[in-house]
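Encoded as structure tokens, the structure appears first; notes follow it.
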There are 2 protein chains.
Amino acid sequence: MKLDVREPVLKANDDIAADLRRMFRQRHMAVVNLISSPGAGKTTLLERTLDRLRGDLKVAVLVGDVQTENDAHRLERFGFAVQQIITGGTCHLEARMIAEHLPQVLSPGLDLLLVENVGNLVCPTDFDLGEDAKVVLLSTPEGEDKPLKYPAIFHRAAAAVLTKIDLLPYVDCNVATVRRYLRAVHPGMPLFEVSAVSGQGLDAWLAWLQAEVQAKRVLSD
Amino acid sequence: MKLDVREPVLKANDDIAADLRRMFRQRHMAVVNLISSPGAGKTTLLERTLDRLRGDLKVAVLVGDVQTENDAHRLERFGFAVQQIITGGTCHLEARMIAEHLPQVLSPGLDLLLVENVGNLVCPTDFDLGEDAKVVLLSTPEGEDKPLKYPAIFHRAAAAVLTKIDLLPYVDCNVATVRRYLRAVHPGMPLFEVSAVSGQGLDAWLAWLQAEVQAKRVLSD
């Protein structure tokens, strides 16, 4: 029964995502889809990222939540176009939601669209949004075994960010173990170890984002 | 389309949950369903809870995860019956999974069945498992606004547990604000502020659990 229900839903999503991907490619826009548990620090990482990219890249942001416009309000102050997507009860973003809200942030010359998914390590995994890369965030207080428990997203994501490394002295999280579990699920996956509080590790993360933008720029239509 | 898909799935689940609830009632077993984000501390709270209930109550545990038996292994050492439910890709426990795995932990005279759901603040909300109470956990590093962003689970749960209060000096989380947001979504909801590290707040949580067991004991068939 489960497959009967999911297959047509995912097929419809994939069709819209393919249209989005074609359009993103024509515009040479890089698109990154951030996925994590609730409270792992997606919005905070975006705040630091937008702050550092000001004057350098032209960025737009779509931010998904089941309820509230809190995150959009937090992100608006950096001067980029930001649009909240309130999903109602839905536990993930779908391509049709991106297609519906995109016109409100689209403008000529956009380099990068950052999408913050609903806080959820499971359901967003299967829904292609036409992005170039999924990035999975894992915060140090969540513990080391999340890559083993939620392998699908860690396998599908192009990069991982370990957030809140400033909390390492106070939580039961060994970075070497995180790295080992991550590599077991996804060999060779880049891992950025970041503190939004101290700024540690942000340079490497931003360099990776810039490389995504650069790769999309040089792509021929 | 969404409603067409979900309604029959939820209806089938509710029917199995109603059967389970009838059976739990006949056995005077209290059943509590723990729900939270990944890494909020469900398994750690269960470890402390089982440790304290030894010699006092007869408890069984069903623990759900997308992958791995890690959590069951952590919980087995307290001498209670523990069974892992591996959901494969499914992002929540369903009543049929409880019905399927229950025989492996069921024995005469059980007082309490503790169910640890898959780490997810959205999808487990709608799936009745025949429980007496859902309990939602929120950890201090996740931030204060989760009750506003995920109102459904905070509205449906009978009690909330704020975990990792030992991290309060290091994270951006004001307990008064958590309490205010929680009460906005669910007035009168009990909130237990707990540290599994120091043991702070565990007594109140255990007293609440004992009251659930007592309420079920005095219920006539």
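We label chains A, B, ... in the order they appear in the structure tokens, count residues from 1 in each chain, and number ligands from 1 in the order shown.
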Could you list, as a count of residues only, every residue of chain A that has an atom within 7 Å of an atom of chain B, counting only C-alpha atoms? 19
Within 12 Å of B:Trp208 using only C-alpha atoms, minus same-chain residues under 2 positions, as a PyMOL selection string: chain B and resi 30+32+49+133+135+158-161+190-192+201-206+210-215
Since we have the selection now, will you write its residues out, keeping N, CA and C atoms, as a PDB file, in the first residue's frame?
ATOM      1  N   ALA B  30      -0.258   0.997  31.541  1.00  0.00           N
ATOM      2  CA  ALA B  30      -0.137   2.370  31.042  1.00  0.00           C
ATOM      3  C   ALA B  30       0.836   2.383  29.860  1.00  0.00           C
ATOM      4  N   VAL B  32       2.990   5.030  27.252  1.00  0.00           N
ATOM      5  CA  VAL B  32       3.446   6.408  27.003  1.00  0.00           C
ATOM      6  C   VAL B  32       4.321   6.423  25.755  1.00  0.00           C
ATOM      7  N   THR B  49      15.191   6.793  33.403  1.00  0.00           N
ATOM      8  CA  THR B  49      13.861   6.392  33.874  1.00  0.00           C
ATOM      9  C   THR B  49      13.851   4.914  34.252  1.00  0.00           C
ATOM     10  N   ALA B 133      -0.833   8.462  26.666  1.00  0.00           N
ATOM     11  CA  ALA B 133      -0.300   9.823  26.594  1.00  0.00           C
ATOM     12  C   ALA B 133       0.884   9.889  25.643  1.00  0.00           C
ATOM     13  N   VAL B 135       4.200  12.116  25.039  1.00  0.00           N
ATOM     14  CA  VAL B 135       5.051  13.067  25.750  1.00  0.00           C
ATOM     15  C   VAL B 135       6.034  13.634  24.740  1.00  0.00           C
ATOM     16  N   ALA B 158       0.404  15.140  26.157  1.00  0.00           N
ATOM     17  CA  ALA B 158      -0.155  15.358  27.492  1.00  0.00           C
ATOM     18  C   ALA B 158       0.848  16.064  28.397  1.00  0.00           C
ATOM     19  N   ALA B 159       2.128  15.927  28.096  1.00  0.00           N
ATOM     20  CA  ALA B 159       3.171  16.551  28.915  1.00  0.00           C
ATOM     21  C   ALA B 159       4.387  16.828  28.038  1.00  0.00           C
ATOM     22  N   ALA B 160       5.205  17.778  28.486  1.00  0.00           N
ATOM     23  CA  ALA B 160       6.442  18.099  27.771  1.00  0.00           C
ATOM     24  C   ALA B 160       7.623  17.964  28.723  1.00  0.00           C
ATOM     25  N   VAL B 161       8.763  17.578  28.167  1.00  0.00           N
ATOM     26  CA  VAL B 161       9.997  17.498  28.948  1.00  0.00           C
ATOM     27  C   VAL B 161      11.040  18.376  28.260  1.00  0.00           C
ATOM     28  N   PRO B 190       1.749  20.290  31.578  1.00  0.00           N
ATOM     29  CA  PRO B 190       2.896  20.173  32.490  1.00  0.00           C
ATOM     30  C   PRO B 190       4.214  20.156  31.716  1.00  0.00           C
ATOM     31  N   LEU B 191       5.211  20.848  32.271  1.00  0.00           N
ATOM     32  CA  LEU B 191       6.550  20.876  31.661  1.00  0.00           C
ATOM     33  C   LEU B 191       7.556  20.416  32.710  1.00  0.00           C
ATOM     34  N   PHE B 192       8.293  19.372  32.402  1.00  0.00           N
ATOM     35  CA  PHE B 192       9.335  18.881  33.303  1.00  0.00           C
ATOM     36  C   PHE B 192      10.681  19.336  32.769  1.00  0.00           C
ATOM     37  N   GLY B 201      15.336  17.365  38.211  1.00  0.00           N
ATOM     38  CA  GLY B 201      14.014  17.310  37.584  1.00  0.00           C
ATOM     39  C   GLY B 201      13.472  15.906  37.351  1.00  0.00           C
ATOM     40  N   LEU B 202      14.299  14.887  37.571  1.00  0.00           N
ATOM     41  CA  LEU B 202      13.831  13.519  37.296  1.00  0.00           C
ATOM     42  C   LEU B 202      12.697  13.098  38.234  1.00  0.00           C
ATOM     43  N   ASP B 203      12.739  13.558  39.506  1.00  0.00           N
ATOM     44  CA  ASP B 203      11.710  13.138  40.464  1.00  0.00           C
ATOM     45  C   ASP B 203      10.309  13.514  39.990  1.00  0.00           C
ATOM     46  N   ALA B 204      10.171  14.749  39.503  1.00  0.00           N
ATOM     47  CA  ALA B 204       8.844  15.217  39.061  1.00  0.00           C
ATOM     48  C   ALA B 204       8.370  14.414  37.852  1.00  0.00           C
ATOM     49  N   TRP B 205       9.285  14.142  36.926  1.00  0.00           N
ATOM     50  CA  TRP B 205       8.957  13.336  35.748  1.00  0.00           C
ATOM     51  C   TRP B 205       8.521  11.928  36.152  1.00  0.00           C
ATOM     52  N   LEU B 206       9.249  11.312  37.083  1.00  0.00           N
ATOM     53  CA  LEU B 206       8.920   9.954  37.521  1.00  0.00           C
ATOM     54  C   LEU B 206       7.598   9.929  38.271  1.00  0.00           C
ATOM     55  N   GLN B 210       4.451   7.628  37.328  1.00  0.00           N
ATOM     56  CA  GLN B 210       3.817   6.769  38.337  1.00  0.00           C
ATOM     57  C   GLN B 210       2.319   7.065  38.420  1.00  0.00           C
ATOM     58  N   ALA B 211       1.953   8.327  38.286  1.00  0.00           N
ATOM     59  CA  ALA B 211       0.528   8.703  38.326  1.00  0.00           C
ATOM     60  C   ALA B 211      -0.213   8.129  37.122  1.00  0.00           C
ATOM     61  N   GLU B 212       0.458   8.089  35.958  1.00  0.00           N
ATOM     62  CA  GLU B 212      -0.143   7.462  34.770  1.00  0.00           C
ATOM     63  C   GLU B 212      -0.409   5.977  35.024  1.00  0.00           C
ATOM     64  N   VAL B 213       0.578   5.321  35.642  1.00  0.00           N
ATOM     65  CA  VAL B 213       0.436   3.890  35.955  1.00  0.00           C
ATOM     66  C   VAL B 213      -0.704   3.683  36.954  1.00  0.00           C
ATOM     67  N   GLN B 214      -0.736   4.524  37.983  1.00  0.00           N
ATOM     68  CA  GLN B 214      -1.765   4.416  39.025  1.00  0.00           C
ATOM     69  C   GLN B 214      -3.158   4.613  38.421  1.00  0.00           C
ATOM     70  N   ALA B 215      -3.287   5.591  37.542  1.00  0.00           N
ATOM     71  CA  ALA B 215      -4.585   5.879  36.905  1.00  0.00           C
ATOM     72  C   ALA B 215      -5.078   4.662  36.114  1.00  0.00           C
TER      73      ALA B 215
END
Which of stretch 117-167 of chain A end up as alpha helix (DSSP H) when DSSP is run on this backbone - answer as a PyMOL selection string? chain A and resi 146-149+151-156
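For the pair atom CA of A:Arg27 and atom CA of A:Arg48, the separation is 25.4 Å.
Coordinates place atom CA of B:Leu50 at a distance of 17.9 Å from atom CA of B:Val136.
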Run DSSP on the backbone and grab whatever in stretch 76-214 of chain B lands in strand (DSSP E); send it over as a PyMOL selection string. chain B and resi 81-86+112-116+133-139+159-163+191-193
Name the residues in contact with B:His155 at a cut-off of 10 Å, using only C-alpha atoms, excluding same-chain residues fewer than 6 positions from it; report them as an NGL selection string. :B and (125 or 136 or 147 or 182-187 or 189)
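Interatomic distance, atom CA of B:Leu106 to atom CA of B:Leu34: 18.8 Å.
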Would you mind listing what lies within 12 Å of stretch 74-80 of chain B as a PyMOL selection string, with only C-alpha atoms counted and same-chain residues fewer than 5 positions away left out? chain B and resi 42-63+68-69+104-107+110-114+116
